[in-house]
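The data block below is start-v7.tsv; it holds TSV, C-alpha atoms and all ligand atoms.
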chain	number	residue	atom	x	y	z
Q	1	MET	CA	-6.17	15.33	-21.08
Q	2	VAL	CA	-9.40	16.25	-19.57
Q	3	TRP	CA	-10.13	12.59	-19.21
Q	4	TYR	CA	-6.81	12.03	-17.49
Q	5	GLN	CA	-7.54	14.79	-14.99
Q	6	ALA	CA	-10.99	13.43	-14.33
Q	7	MET	CA	-9.53	9.99	-13.64
Q	8	GLN	CA	-6.92	11.47	-11.33
Q	9	ARG	CA	-9.66	13.19	-9.40
Q	10	PHE	CA	-11.63	10.00	-9.27
Q	11	PHE	CA	-8.71	7.98	-7.94
Q	12	LYS	CA	-8.01	10.54	-5.28
Q	13	GLY	CA	-11.60	10.24	-4.17
Q	14	LEU	CA	-12.38	13.82	-5.05
Q	15	ALA	CA	-15.00	13.15	-7.62
Q	16	GLY	CA	-17.21	10.48	-9.05
Q	17	LYS	CA	-16.10	8.20	-11.78
Q	18	PRO	CA	-15.97	10.18	-14.98
Q	19	VAL	CA	-18.26	9.05	-17.72
Q	20	ARG	CA	-16.89	8.54	-21.14
Q	21	LYS	CA	-19.31	9.72	-23.72
Q	22	ARG	CA	-17.77	8.30	-26.81
Q	23	LYS	CA	-17.31	4.59	-26.95
Q	24	GLY	CA	-14.31	4.18	-29.13
Q	25	GLY	CA	-12.64	1.08	-30.45
Q	26	ARG	CA	-9.54	1.83	-28.42
Q	27	ASP	CA	-9.75	3.69	-25.15
Q	28	SER	CA	-6.91	4.41	-22.81
Q	29	ILE	CA	-5.99	5.99	-19.53
Q	30	TRP	CA	-2.66	7.33	-18.40
Q	31	LEU	CA	-1.58	6.72	-14.81
Q	32	THR	CA	1.31	8.29	-12.97
Q	33	ARG	CA	3.42	6.42	-10.42
Q	34	GLU	CA	1.30	7.34	-7.43
Q	35	LEU	CA	-1.62	5.50	-8.92
Q	36	PHE	CA	-0.14	2.12	-9.65
Q	37	GLU	CA	2.19	-0.44	-8.17
Q	38	LEU	CA	3.99	-3.39	-9.67
Q	39	LYS	CA	4.52	-6.49	-7.59
Q	40	GLN	CA	5.98	-9.85	-8.35
Q	41	ASP	CA	4.62	-12.99	-6.69
Q	42	GLU	CA	6.60	-16.07	-5.61
Q	43	ALA	CA	6.03	-17.74	-8.92
Q	44	GLY	CA	7.60	-14.81	-10.74
Q	45	GLY	CA	4.38	-13.52	-12.24
Q	46	TRP	CA	3.74	-9.80	-12.27
Q	47	LYS	CA	0.75	-7.94	-10.99
Q	48	LEU	CA	-0.16	-4.39	-11.71
Q	49	PHE	CA	-2.21	-2.83	-8.92
Q	50	ILE	CA	-4.24	0.16	-9.91
Q	51	GLY	CA	-5.60	2.89	-7.68
Q	52	LYS	CA	-4.68	4.03	-4.21
Q	53	LYS	CA	-5.15	2.37	-0.85
Q	54	LYS	CA	-8.31	4.33	-0.24
Q	55	ASN	CA	-9.65	3.84	-3.70
Q	56	ASN	CA	-8.45	0.52	-4.89
Q	57	ILE	CA	-9.48	-0.23	-8.41
Q	58	GLY	CA	-7.96	-3.68	-8.72
Q	59	PHE	CA	-5.13	-5.40	-10.45
Q	60	LEU	CA	-4.12	-6.98	-13.70
Q	61	SER	CA	-1.82	-9.95	-13.98
Q	62	PHE	CA	0.61	-9.85	-16.79
Q	63	GLU	CA	3.47	-11.70	-18.27
Q	64	ALA	CA	6.64	-9.74	-18.86
Q	65	HIS	CA	7.93	-10.57	-22.28
Q	66	ARG	CA	11.22	-8.90	-21.55
Q	67	ASP	CA	13.06	-7.26	-18.67
Q	68	PHE	CA	11.81	-3.89	-17.68
Q	69	GLN	CA	12.49	-1.09	-15.21
Q	70	LEU	CA	9.97	0.64	-13.02
Q	71	PRO	CA	8.15	3.05	-15.29
Q	72	ALA	CA	7.35	6.65	-14.38
Q	73	SER	CA	3.86	6.27	-15.70
Q	74	ILE	CA	1.81	3.73	-17.55
Q	75	THR	CA	-0.89	3.78	-20.14
Q	76	ILE	CA	-3.57	1.16	-20.00
Q	77	SER	CA	-5.58	0.72	-23.12
Q	78	ARG	CA	-8.24	-1.63	-24.23
Q	79	ASP	CA	-8.65	-2.81	-27.72
Q	80	ASN	CA	-11.50	-5.10	-28.53
Q	81	GLY	CA	-11.82	-6.30	-24.97
Q	82	GLN	CA	-8.10	-6.95	-24.51
Q	83	TYR	CA	-6.00	-4.86	-22.17
Q	84	PHE	CA	-2.60	-3.49	-23.03
Q	85	VAL	CA	-0.18	-1.82	-20.68
Q	86	SER	CA	2.57	0.36	-21.99
Q	87	PHE	CA	5.34	1.71	-19.82
Q	88	ASN	CA	6.44	5.31	-20.09
Q	89	TYR	CA	9.87	6.21	-18.83
Q	90	GLU	CA	11.15	9.51	-17.60
Q	91	ASP	CA	12.76	11.70	-20.15
Q	92	PRO	CA	16.50	10.97	-19.89
Q	93	LYS	CA	17.13	14.69	-20.32
Q	94	LEU	CA	15.49	15.28	-16.97
Q	95	SER	CA	17.48	15.55	-13.78
Q	96	GLU	CA	19.29	12.33	-13.07
Q	97	LYS	CA	18.53	12.69	-9.42
Q	98	THR	CA	15.07	12.17	-8.05
Q	99	GLN	CA	13.39	14.71	-5.82
Q	100	GLU	CA	14.00	12.33	-2.94
Q	101	GLU	CA	17.74	12.19	-3.57
Q	102	LEU	CA	17.96	15.95	-3.95
Q	103	VAL	CA	16.11	16.51	-0.69
Q	104	LEU	CA	18.28	14.05	1.22
Q	105	GLU	CA	21.37	15.82	-0.09
Q	106	LEU	CA	20.04	19.21	0.94
Q	107	ALA	CA	19.07	17.89	4.36
Q	108	LYS	CA	22.79	17.69	5.21
Q	109	LEU	CA	23.14	21.47	4.97
Q	110	PRO	CA	22.64	23.79	7.94
Q	111	ALA	CA	19.37	25.70	8.20
Q	112	ASN	CA	20.81	29.12	7.35
Q	113	GLU	CA	22.26	27.81	4.07
Q	114	LEU	CA	18.96	26.19	3.20
Q	115	MET	CA	17.16	29.46	3.89
Q	116	GLU	CA	19.43	31.15	1.37
Q	117	LYS	CA	18.67	28.54	-1.25
Q	118	ALA	CA	14.92	28.42	-0.60
Q	119	VAL	CA	12.22	30.55	-2.16
Q	120	GLY	CA	8.79	30.66	-0.51
Q	121	LEU	CA	5.79	31.46	-2.67
Q	122	ASP	CA	2.60	32.95	-1.35
Q	123	CYS	CA	-0.54	32.79	-3.46
Q	124	GLY	CA	-2.70	35.79	-2.79
Q	125	VAL	CA	-5.61	37.69	-4.19
Q	126	ILE	CA	-4.01	41.09	-4.62
Q	127	ILE	CA	-0.64	39.77	-5.72
Q	128	PRO	CA	-1.26	36.38	-7.37
Q	129	VAL	CA	2.23	35.10	-6.48
Q	130	GLN	CA	4.69	36.72	-4.10
Q	131	SER	CA	8.14	35.24	-3.63
Q	132	SER	CA	10.17	35.54	-0.44
Q	133	SER	CA	13.02	36.90	-2.55
Q	134	GLY	CA	10.88	39.96	-3.20
Q	135	GLN	CA	9.53	39.23	-6.65
Q	136	SER	CA	5.84	39.77	-7.33
Q	137	PHE	CA	4.12	38.00	-10.19
Q	138	ASP	CA	0.94	39.31	-11.66
Q	139	PHE	CA	-0.97	39.16	-14.92
Q	140	SER	CA	-0.02	42.01	-17.24
Q	141	SER	CA	-2.58	44.79	-17.54
Q	142	GLU	CA	-3.16	43.62	-21.10
Q	143	GLN	CA	-3.93	40.10	-19.87
Q	144	LYS	CA	-6.24	41.40	-17.15
Q	145	LYS	CA	-8.13	43.53	-19.63
Q	146	THR	CA	-8.60	40.62	-21.99
Q	147	ILE	CA	-9.79	38.33	-19.20
Q	148	GLU	CA	-12.31	40.90	-17.99
Q	149	ARG	CA	-13.55	41.54	-21.50
Q	150	LYS	CA	-14.01	37.83	-22.15
Q	151	GLN	CA	-15.77	37.35	-18.82
Q	152	ARG	CA	-18.21	40.16	-19.65
Q	153	LYS	CA	-18.93	38.58	-22.99
Q	154	ILE	CA	-19.42	35.14	-21.51
Q	155	ARG	CA	-21.99	36.54	-19.08
Q	156	LYS	CA	-23.80	38.30	-21.91
Q	157	TRP	CA	-23.83	35.19	-24.08
Q	158	GLN	CA	-25.04	33.05	-21.23
Q	159	ARG	CA	-28.04	35.31	-20.74
Q	160	ARG	CA	-28.76	35.05	-24.43
Q	161	LEU	CA	-28.41	31.28	-24.29
Q	162	ALA	CA	-31.12	31.07	-21.66
Q	163	ARG	CA	-33.63	32.59	-24.05
Q	164	GLN	CA	-32.76	30.51	-27.05
Q	165	ARG	CA	-34.49	27.41	-28.24
Q	166	LEU	CA	-32.67	24.17	-27.51
Q	167	GLY	CA	-30.79	22.79	-30.47
Q	168	SER	CA	-31.26	25.87	-32.61
Q	169	HIS	CA	-28.54	26.97	-34.97
Q	170	ARG	CA	-28.10	30.36	-33.27
Q	171	ARG	CA	-27.90	28.77	-29.88
Q	172	ASN	CA	-25.11	26.49	-31.04
Q	173	LYS	CA	-23.23	29.46	-32.40
Q	174	VAL	CA	-23.46	31.26	-29.07
Q	175	LYS	CA	-22.27	28.13	-27.31
Q	176	GLN	CA	-19.25	28.02	-29.56
Q	177	SER	CA	-18.44	31.63	-28.81
Q	178	ILE	CA	-18.60	30.93	-25.07
Q	179	ALA	CA	-16.28	27.95	-25.43
Q	180	LYS	CA	-13.86	30.04	-27.45
Q	181	ALA	CA	-13.80	32.78	-24.82
Q	182	HIS	CA	-13.12	30.21	-22.11
Q	183	ARG	CA	-10.26	28.83	-24.16
Q	184	LYS	CA	-8.76	32.29	-24.51
Q	185	ILE	CA	-8.88	32.82	-20.74
Q	186	ALA	CA	-7.30	29.41	-20.19
Q	187	GLU	CA	-4.54	30.32	-22.61
Q	188	ILE	CA	-3.75	33.51	-20.70
Q	189	ARG	CA	-3.63	31.60	-17.41
Q	190	ARG	CA	-1.24	29.10	-18.94
Q	191	ASP	CA	1.02	31.81	-20.31
Q	192	PHE	CA	1.12	33.47	-16.94
Q	193	ALA	CA	1.95	30.18	-15.20
Q	194	HIS	CA	4.72	29.44	-17.69
Q	195	GLN	CA	6.25	32.91	-17.46
Q	196	THR	CA	6.17	32.86	-13.67
Q	197	THR	CA	7.70	29.42	-13.28
Q	198	ARG	CA	10.33	30.09	-15.93
Q	199	THR	CA	11.47	33.20	-14.08
Q	200	LEU	CA	11.52	31.38	-10.75
Q	201	VAL	CA	13.45	28.32	-11.85
Q	202	GLY	CA	15.82	30.29	-14.05
Q	203	LYS	CA	15.97	31.20	-17.70
Q	204	LYS	CA	17.80	28.91	-20.08
Q	205	ASP	CA	20.91	29.72	-22.04
Q	206	GLU	CA	21.26	28.97	-25.75
Q	207	ASN	CA	22.18	25.35	-24.99
Q	208	GLY	CA	19.00	24.82	-23.03
Q	209	GLN	CA	20.84	24.78	-19.70
Q	210	VAL	CA	19.10	26.54	-16.83
Q	211	ILE	CA	21.13	29.57	-15.76
Q	212	ASP	CA	21.74	29.37	-12.03
Q	213	ASN	CA	19.84	32.04	-10.14
Q	214	GLY	CA	20.71	30.81	-6.65
Q	215	ALA	CA	17.28	29.36	-5.98
Q	216	GLN	CA	17.47	25.66	-5.26
Q	217	ILE	CA	14.30	24.96	-3.30
Q	218	PHE	CA	10.80	26.15	-4.14
Q	219	VAL	CA	8.16	26.04	-1.47
Q	220	MET	CA	4.47	26.46	-2.05
Q	221	GLU	CA	1.42	25.93	0.08
Q	222	ASP	CA	-0.51	22.77	-0.53
Q	223	LEU	CA	-3.38	24.22	-2.48
Q	224	LYS	CA	-5.49	21.11	-2.00
Q	225	ILE	CA	-5.64	21.84	1.70
Q	226	LYS	CA	-5.91	25.58	1.40
Q	227	ASN	CA	-9.49	26.68	1.20
Q	228	MET	CA	-9.49	28.43	-2.10
Q	229	THR	CA	-13.05	28.62	-3.23
Q	230	LYS	CA	-14.98	29.98	-0.30
Q	231	SER	CA	-14.59	33.66	0.40
Q	232	PRO	CA	-13.37	34.04	3.96
Q	233	GLU	CA	-15.96	34.71	6.62
Q	234	ALA	CA	-15.72	37.86	8.66
Q	235	LYS	CA	-14.07	37.01	11.97
Q	236	PRO	CA	-14.62	39.10	15.10
Q	237	ASP	CA	-11.47	40.84	16.21
Q	238	GLU	CA	-10.75	39.58	19.74
Q	239	GLN	CA	-8.64	42.54	20.73
Q	240	ASN	CA	-11.02	45.06	19.32
Q	241	PRO	CA	-14.59	44.11	20.28
Q	242	GLY	CA	-17.24	45.10	17.78
Q	243	HIS	CA	-14.72	45.08	14.97
Q	244	PHE	CA	-13.88	42.44	12.43
Q	245	VAL	CA	-10.58	41.16	11.21
Q	246	PRO	CA	-10.29	42.29	7.62
Q	247	ASN	CA	-10.80	39.55	5.09
Q	248	GLN	CA	-10.16	39.24	1.41
Q	249	ALA	CA	-13.75	39.28	0.15
Q	250	ALA	CA	-13.57	42.78	-1.24
Q	251	ALA	CA	-10.38	42.05	-3.07
Q	252	LYS	CA	-11.97	39.22	-4.98
Q	253	ALA	CA	-13.86	41.55	-7.25
Q	254	GLY	CA	-11.07	41.80	-9.81
Q	255	LEU	CA	-9.76	38.65	-11.38
Q	256	THR	CA	-12.20	36.06	-10.20
Q	257	GLN	CA	-11.05	33.61	-7.62
Q	258	LYS	CA	-11.67	30.74	-9.97
Q	259	ILE	CA	-9.11	32.04	-12.45
Q	260	LEU	CA	-6.55	32.61	-9.74
Q	261	ASN	CA	-7.14	29.13	-8.32
Q	262	SER	CA	-6.48	27.41	-11.58
Q	263	ALA	CA	-3.50	29.66	-12.32
Q	264	TRP	CA	-1.99	28.61	-8.98
Q	265	GLY	CA	-2.71	24.99	-9.74
Q	266	LEU	CA	-0.87	25.29	-13.03
Q	267	ILE	CA	2.04	27.07	-11.38
Q	268	ALA	CA	2.40	24.20	-8.89
Q	269	VAL	CA	2.40	21.64	-11.70
Q	270	PHE	CA	4.81	23.56	-13.94
Q	271	LEU	CA	7.10	24.42	-11.06
Q	272	ALA	CA	7.33	20.78	-9.96
Q	273	TYR	CA	8.22	19.80	-13.47
Q	274	LYS	CA	10.64	22.63	-14.25
Q	275	ALA	CA	12.37	22.43	-10.88
Q	276	ASN	CA	13.06	18.73	-11.30
Q	277	HIS	CA	14.26	19.37	-14.81
Q	278	ALA	CA	16.80	21.84	-13.43
Q	279	GLY	CA	17.89	19.57	-10.57
Q	280	LYS	CA	16.01	21.71	-8.04
Q	281	VAL	CA	13.48	20.81	-5.40
Q	282	PHE	CA	9.80	21.59	-5.18
Q	283	ILE	CA	8.03	21.23	-1.84
Q	284	LYS	CA	4.48	21.69	-0.70
Q	285	VAL	CA	3.84	22.71	2.88
Q	286	SER	CA	0.80	23.11	5.07
Q	287	PRO	CA	-1.00	26.42	4.53
Q	288	ARG	CA	-2.32	26.51	8.10
Q	289	PHE	CA	-2.23	30.05	9.47
Q	290	SER	CA	0.54	31.03	7.12
Q	291	SER	CA	-1.00	34.46	6.73
Q	292	GLN	CA	-1.21	35.00	10.50
Q	293	GLU	CA	2.24	33.76	11.46
Q	294	CYS	CA	5.11	36.14	12.07
Q	295	ALA	CA	8.10	35.28	9.88
Q	296	LYS	CA	10.45	36.67	12.52
Q	297	CYS	CA	9.27	35.21	15.83
Q	298	GLY	CA	6.67	32.61	14.80
Q	299	HIS	CA	3.84	34.19	16.80
Q	300	ILE	CA	0.49	33.23	15.28
Q	301	HIS	CA	-2.49	35.51	15.76
Q	302	PRO	CA	-5.30	36.77	13.52
Q	303	GLY	CA	-4.61	40.25	14.86
Q	304	ASN	CA	-1.21	40.20	13.19
Q	305	ARG	CA	-2.93	40.76	9.90
Q	306	ARG	CA	-4.23	44.26	10.43
Q	307	THR	CA	-5.25	44.88	6.86
Q	308	GLN	CA	-5.15	42.98	3.61
Q	309	SER	CA	-1.70	44.28	2.82
Q	310	LYS	CA	-0.08	44.97	6.16
Q	311	PHE	CA	1.37	42.56	8.70
Q	312	VAL	CA	2.20	43.77	12.19
Q	313	CYS	CA	3.29	41.16	14.72
Q	314	GLN	CA	1.48	41.67	18.03
Q	315	LYS	CA	4.38	40.13	19.91
Q	316	CYS	CA	7.65	41.33	18.41
Q	317	GLY	CA	6.42	44.25	16.35
Q	318	HIS	CA	7.77	42.88	13.06
Q	319	THR	CA	6.13	44.90	10.31
Q	320	ALA	CA	6.02	43.82	6.68
Q	321	ASN	CA	3.93	43.56	3.60
Q	322	ALA	CA	1.48	40.76	4.43
Q	323	ASP	CA	2.18	38.69	1.32
Q	324	GLN	CA	5.92	39.10	1.75
Q	325	ASN	CA	5.63	37.94	5.37
Q	326	ALA	CA	3.54	34.92	4.31
Q	327	SER	CA	6.04	33.94	1.62
Q	328	GLU	CA	8.81	34.01	4.24
Q	329	VAL	CA	6.73	31.83	6.57
Q	330	ILE	CA	6.22	29.39	3.71
Q	331	ARG	CA	9.94	29.37	2.95
Q	332	LYS	CA	10.72	28.60	6.60
Q	333	ARG	CA	8.21	25.74	6.60
Q	334	GLY	CA	9.86	24.29	3.52
Q	335	VAL	CA	13.30	24.41	5.10
Q	336	GLU	CA	11.92	22.76	8.26
Q	337	GLU	CA	10.42	20.07	6.07
Q	338	ILE	CA	13.80	19.37	4.48
Q	339	LEU	CA	15.60	19.31	7.82
Q	340	LYS	CA	13.13	16.71	9.07
Q	341	GLN	CA	14.41	14.42	6.34
Q	342	ALA	CA	17.85	14.45	7.94
Q	343	THR	CA	16.35	12.56	10.87
Q	344	HIS	CA	13.59	10.58	9.20
Q	345	GLY	CA	15.01	9.86	5.81
Q	346	THR	CA	11.67	9.25	4.17
Q	347	TRP	CA	10.34	11.56	1.63
Q	348	GLU	CA	7.17	11.58	-0.30
Q	349	SER	CA	8.33	13.50	-3.27
Q	350	ALA	CA	6.22	16.11	-4.93
Q	351	ARG	CA	5.07	14.75	-8.17
Q	352	GLY	CA	6.75	16.17	-11.18
Q	353	GLY	CA	9.46	15.48	-13.64
Q	354	THR	CA	7.70	12.72	-15.43
Q	355	ARG	CA	6.87	13.10	-18.98
Q	356	LYS	CA	5.10	10.88	-21.37
Q	357	THR	CA	7.71	9.38	-23.61
Q	358	PRO	CA	7.60	6.93	-26.45
Q	359	ARG	CA	6.65	3.43	-25.52
Q	360	VAL	CA	9.56	1.32	-24.50
Q	361	SER	CA	7.93	-1.99	-24.03
Q	362	LYS	CA	4.50	-3.27	-24.60
Q	363	LEU	CA	3.05	-5.99	-22.49
Q	364	LYS	CA	0.10	-8.05	-23.29
Q	365	VAL	CA	-2.15	-8.33	-20.28
Q	366	GLN	CA	-3.58	-11.68	-19.59
Q	367	THR	CA	-7.11	-12.15	-18.48
Q	368	LEU	CA	-7.52	-12.85	-14.81
Q	369	ARG	CA	-7.45	-16.36	-13.54
Q	370	SER	CA	-9.78	-17.45	-10.80
Q	371	GLU	CA	-7.01	-18.16	-8.28
Q	372	ASN	CA	-5.85	-14.61	-8.58
Q	373	ARG	CA	-9.28	-13.41	-7.72
Q	374	ARG	CA	-9.40	-15.42	-4.55
Q	375	ARG	CA	-6.28	-13.81	-3.17
Q	376	ARG	CA	-7.77	-10.39	-2.91
Q	377	GLY	CA	-11.03	-9.05	-1.62
Q	378	SER	CA	-13.84	-9.03	-4.06
Q	379	ASN	CA	-14.06	-5.26	-3.91
Q	380	SER	CA	-10.61	-4.77	-5.19
Q	381	GLU	CA	-10.51	-7.30	-7.93
Q	382	LEU	CA	-10.50	-6.31	-11.47
Q	383	ILE	CA	-12.94	-8.17	-13.56
Q	384	PRO	CA	-12.05	-8.04	-17.20
Q	385	GLY	CA	-14.18	-5.45	-18.81
Q	386	SER	CA	-14.78	-3.53	-15.62
Q	387	LEU	CA	-11.80	-1.23	-15.92
Q	388	PRO	CA	-13.28	2.21	-16.23
Q	389	LEU	CA	-12.13	3.02	-19.68
Q	401	ZN	ZN	6.82	38.45	15.65
For the file at hand, write its structure as structure tokens.
Amino acid sequence: MVWYQAMQRFFKGLAGKPVRKRKGGRDSIWLTRELFELKQDEAGGWKLFIGKKKNNIGFLSFEAHRDFQLPASITISRDNGQYFVSFNYEDPKLSEKTQEELVLELAKLPANELMEKAVGLDCGVIIPVQSSSGQSFDFSSEQKKTIERKQRKIRKWQRRLARQRLGSHRRNKVKQSIAKAHRKIAEIRRDFAHQTTRTLVGKKDENGQVIDNGAQIFVMEDLKIKNMTKSPEAKPDEQNPGHFVPNQAAAKAGLTQKILNSAWGLIAVFLAYKANHAGKVFIKVSPRFSSQECAKCGHIHPGNRRTQSKFVCQKCGHTANADQNASEVIRKRGVEEILKQATHGTWESARGGTRKTPRVSKLKVQTLRSENRRRRGSNSELIPGSLPL
């Protein structure tokens, strides 16, 4: 899994190519639909293109031994120098409609109905997740205590580690303890993400059917764009010279930002998956100035955010809890995004709803022929053996 994530990061150009430490007899990578494309040439032969436009890895030619449908994801594996591609199909239990179809259906509704069906989610430091419907999601006090305790221990062990001799038995034991504490924290984050998304999408009845809770559209900020790691710089307050607009730095003392960031990341992934499973829609919107925008009149100004928790619009006077206001702004952006589809009709669906399922067909990948190589630039060709497995 870690390997899969590293490859995803690599393909998106976020990180360098991950290095595989263990050279096994059979290595494999799993690719979701955004990272591959299947094309058929005039002669009827199939090509599997791997990577994205910006980070093109190359392609493999293959012969289809039987008819197949477009897979949700693929697994490429190499066994003794030979490549195999297996197609993974979406779980048939999942929503029969794609996110795209659901969005296009919703786009026919008027804005006020969409607003009723939409739930905006604001990710914040004081309240980890605030929904526009008024629900706040936070770690339980038990979970917080455990995380803090583990973090203290990790710091202590790391100091100890620095003094210990490399490769010593005691040092290895300390390293194991640190890894175990990290695992515990990760487990808590995961639990929190599951609980939160389950509540949002709707609990299931005894038949496994999601009980309708009225929420049909979930809107979150695009966390990739949102600057999540750097603590915000103090900004001078234009209307109040000599003063600074309050920022969140002080609030970051509790649960560290890193833990919140990865909890949000998990929530986005789980929500995309669970929403699709329930026939609901998950949308990411731009996070730009969402905390400074008035949910009532749309006025954007840093001065609207008087304190960490209070929002007062400088134009219309709308006063609200800052996170609540932000979640409503996010909800509005999501609805606007859906309404755009009514005119454009194209939709890049949020990823989700694919699940690795048993192999349906297995295709033997042929080695590249020289004429195939000529057709594409040398940078993008896949030379047998060069696939980063
Ligand atoms: Zn306003």
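Atom CA of Q:Ile259 is positioned 27.1 Å from atom CA of Q:Arg163.
Near ligand ZN 401 (chain Q), at distances of 12 Å or less and with all atoms listed in the file counted, sit the residues Gln292, Glu293, Cys294, Ala295, Lys296, Cys297, Gly298, His299, Ile300, His301, Gly303, Asn304, Arg305, Phe311, Val312, Cys313, Gln314, Lys315, Cys316, Gly317, His318, Thr319, Ala320, Asn325 and Val329 of chain Q.
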Quick one: residues within 7 Å of stretch 185-198 of chain Q, only C-alpha atoms, excluding same-chain residues fewer than 6 positions away - as a VMD selection string? chain Q and resid 137 139 143 147 263 266 to 267 270 to 271
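From atom CA of Q:Phe282 back to atom CA of Q:Asn207, the distance works out to 23.7 Å.
The space between atom CA of Q:Lys274 and atom CA of Q:Ser262 spans 18.0 Å.
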Identify, on the basis of all atoms listed in the file, every residue whose closest approach to Q:Ala215 does not exceed 7 Å; exclude the query and any residue fewer than 5 positions from it along the same chain; express the result as a PyMOL selection string. chain Q and resi 117-119
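Contact shell of Q:Val174 at 9 Å (only C-alpha atoms; same-chain neighbours under 4 positions omitted): Q:Trp157, Q:Gln158, Q:Arg160, Q:Leu161, Q:His169, Q:Arg170, Q:Ile178, Q:Ala179.
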